[in-house]
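Okay, structure first, notes after.
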Amino acid sequence: MVFTLVGGASLCGVAALVLLIISTATDYWMQYRYSGNAANQGLWRFCINRRCHAHTLTVAFWDATRAFMLLSVLSCFTGVLLGLTASKRARSRRVKTGRITLLLSGFLALLALSIYTGMTISYFGRRYIDWRFSWSFILGWISVILALAAGVLQVCAYQRSVSEATPVSVSDS
């Protein structure tokens with residue numbers, strides 16, 4: 001049962017890592033209409049009629065979102081790597097560190113996406129009538145769930161291994 005939990009944690013962690021990388025790198029966090037043209041934007045650039053340009057404005061919420069997403073990717077990579085290279089014991093130090101970094105990854109991505117959501121609604125909601133969050137943004141939220149699930153599964157694996165390792169003594173009183 002312990003190895004099933006660790007395997008599930010590794011699977012969730014790898015899926016979270018892939019989705020975090022895709023979400024952070026792509027340009028479809030938001031779609032809108034700009035002067036009648038289809039436009040979309042990501043963390044690094046915006047595109048109007050499939051012509052992409054780097055963000056020229058330095059906006060604090062974009063910088064914060066970028067920083068937290070990159071830290072989340074690094075943390076998730078570390079957690080997955082530690083989980084996959086851990087020895088076959090669920091109580092090893094690598095698994096313990098891996099679960100902490102996976103939980104941290106989920107919370108960092110949660111923080112990044114929350115900042116982006118709040119600022120986008122208050123800023124772009126007033127500027128553009130026809131706008132919506134897009135698939136890169138949604139993949140980010142799915143990766144939050146997967147990273148947190150991976151960390152929780154590793155916590156459960158550790159708790160299970162501790163309870164299996166400790167023999168229960170029955171006294172005859």
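To be explicit about the labels: the chains of the structure tokens are called A, B, and onward in the order shown, and within each one the residues are counted from 1, while ligands get numbers from 1 in the order they are shown.
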
Query raised in the report: Trp44 in chain A: which residues within 8 Å, counting only C-alpha atoms, same-chain residues fewer than 6 positions away excluded, as a list of chain:residue names?
Result: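 Counting only the stated atoms, we get A:Ala25, A:Asp27, A:Ala54, A:His55.
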
Would you list, as a PyMOL selection string, the residues of chain A that end up in helix (DSSP H, G or I) under DSSP run on this structure's backbone?
chain A and resi 2-25+60-85+93-127+135-165

Compile the contact shell of Val73 in chain A as a list in words: residues with an atom at most 9 Å away, counting only C-alpha atoms, same-chain residues fewer than 5 positions apart removed.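 Counting only the stated atoms, we get Ala16, Leu17, Val18, Leu20, Ile21, Thr24, Phe68, Thr78, Ser105 and Ala109 of chain A.
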
task: Compile the contact shell of Gly79 in chain A as a PyMOL selection string: residues with an atom at most 9 Å away, counting only C-alpha atoms, same-chain residues fewer than 2 positions apart removed.
output: chain A and resi 10+13+74-77+81-84+94-95+97-103+105+151

Output for the residues just chosen: C-alpha atoms as a PDB file, in the first residue's frame:
ATOM      1  CA  SER A  10       5.107  10.464  -8.294  1.00  0.00           C
ATOM      2  CA  GLY A  13       3.985  15.195  -9.318  1.00  0.00           C
ATOM      3  CA  LEU A  74      11.605  24.564  -9.692  1.00  0.00           C
ATOM      4  CA  SER A  75      10.056  23.322  -6.469  1.00  0.00           C
ATOM      5  CA  CYS A  76       7.912  20.760  -8.289  1.00  0.00           C
ATOM      6  CA  PHE A  77      10.917  19.539 -10.279  1.00  0.00           C
ATOM      7  CA  LEU A  81      13.227  14.257  -8.582  1.00  0.00           C
ATOM      8  CA  LEU A  82      13.530  13.521  -4.869  1.00  0.00           C
ATOM      9  CA  GLY A  83      10.454  11.299  -4.917  1.00  0.00           C
ATOM     10  CA  LEU A  84      11.638   9.307  -7.921  1.00  0.00           C
ATOM     11  CA  ARG A  94      14.347  12.307   0.267  1.00  0.00           C
ATOM     12  CA  VAL A  95      10.653  11.456   0.420  1.00  0.00           C
ATOM     13  CA  THR A  97      11.948  16.648   1.555  1.00  0.00           C
ATOM     14  CA  GLY A  98      10.081  15.760  -1.635  1.00  0.00           C
ATOM     15  CA  ARG A  99       6.698  16.069   0.004  1.00  0.00           C
ATOM     16  CA  ILE A 100       7.619  19.452   1.461  1.00  0.00           C
ATOM     17  CA  THR A 101       8.766  20.763  -1.922  1.00  0.00           C
ATOM     18  CA  LEU A 102       5.674  19.410  -3.699  1.00  0.00           C
ATOM     19  CA  LEU A 103       3.384  21.072  -1.171  1.00  0.00           C
ATOM     20  CA  SER A 105       5.112  24.059  -5.288  1.00  0.00           C
ATOM     21  CA  GLY A 151       2.426  16.221  -1.523  1.00  0.00           C
TER      22      GLY A 151
END

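With distances restricted to only C-alpha atoms, A:Ser143 is the closest residue to Phe107 in chain A from A:Ser143, A:Ser23, A:Ser136, A:Thr120.
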
Q.
One number please: CA of Met69 in chain A to CA of Tyr128 in chain A, in Å, one decimal.
A.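 Value for the CA of Met69 in chain A-CA of Tyr128 in chain A distance: 25.3 Å.
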
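Selecting strand (DSSP E or B) from the backbone DSSP output for range 8-150 of chain A yields A:Met30, A:Gln31, A:Tyr32, A:Arg33, A:Tyr34, A:Asn37, A:Ala38, A:Ala39, A:Asn40, A:Gln41, A:Arg45, A:Phe46, A:Cys47, A:Ile48, A:Arg51, A:Cys52, A:His53, A:Ala54, A:Trp131, A:Arg132, A:Phe133.
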
Residues within 10 Å of Trp62 in chain A, only C-alpha atoms, excluding chain neighbours under 4 positions, as a PyMOL selection string: chain A and resi 42-44+55+57-58+66-68+112+115-116+119-120

Could you please take those selected residues and save C-alpha atoms as a short mmCIF file (atom, residue, chain, number, x, y, z; two decimals), in the first residue's frame?
data_model
loop_
_atom_site.label_atom_id
_atom_site.label_comp_id
_atom_site.auth_asym_id
_atom_site.auth_seq_id
_atom_site.Cartn_x
_atom_site.Cartn_y
_atom_site.Cartn_z
CA GLY A 42 0.57 35.06 -21.36
CA LEU A 43 3.09 35.90 -18.68
CA TRP A 44 5.86 36.78 -21.11
CA HIS A 55 5.38 42.75 -22.62
CA LEU A 57 5.20 47.39 -19.40
CA THR A 58 6.67 46.42 -16.07
CA ARG A 66 6.12 35.07 -13.18
CA ALA A 67 8.38 34.75 -10.15
CA PHE A 68 5.97 32.54 -8.20
CA ALA A 112 0.72 33.12 -8.45
CA ILE A 115 -2.57 37.23 -7.79
CA TYR A 116 -3.12 36.96 -11.54
CA MET A 119 -5.49 41.70 -10.76
CA THR A 120 -6.80 40.55 -14.14
#

Using only C-alpha atoms, which of A:Cys47, A:Met30, A:Asn40, A:Lys96 sits nearest Ala157 in chain A?
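The answer is A:Lys96, which sits nearest to Ala157 in chain A.
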
_Arg33 in chain A environment, 8 Å, only C-alpha atoms, sequence neighbours closer than 6 positions dropped, as a VMD selection string_ = chain A and resid 39 128 130 to 131

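Look at Thr117 in chain A: the protein and nucleic acid residues within 12 Å of it, using only C-alpha atoms and passing over chain neighbours fewer than 5 places away, are Trp29, Met30, Phe61, Trp62, Thr65, Ala109, Leu110, Leu111, Ala112, Ser122, Tyr123, Phe124, Gly125, Arg132, Phe133, Ser134, Phe137, Ile138, Gly140 and Trp141 of chain A.
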
Review point. Nearest to Leu104 in chain A among A:Leu139, A:Val152, A:Ala60, A:Leu19, with distances taken over only C-alpha atoms: which residue is it?
Key: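 Distance minimum relative to Leu104 in chain A lands on A:Val152.
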
message = Just the number, please: distance in Å from CA of Ile48 in chain A to CA of Tyr28 in chain A, one decimal.
response =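 The value is 11.8 Å.
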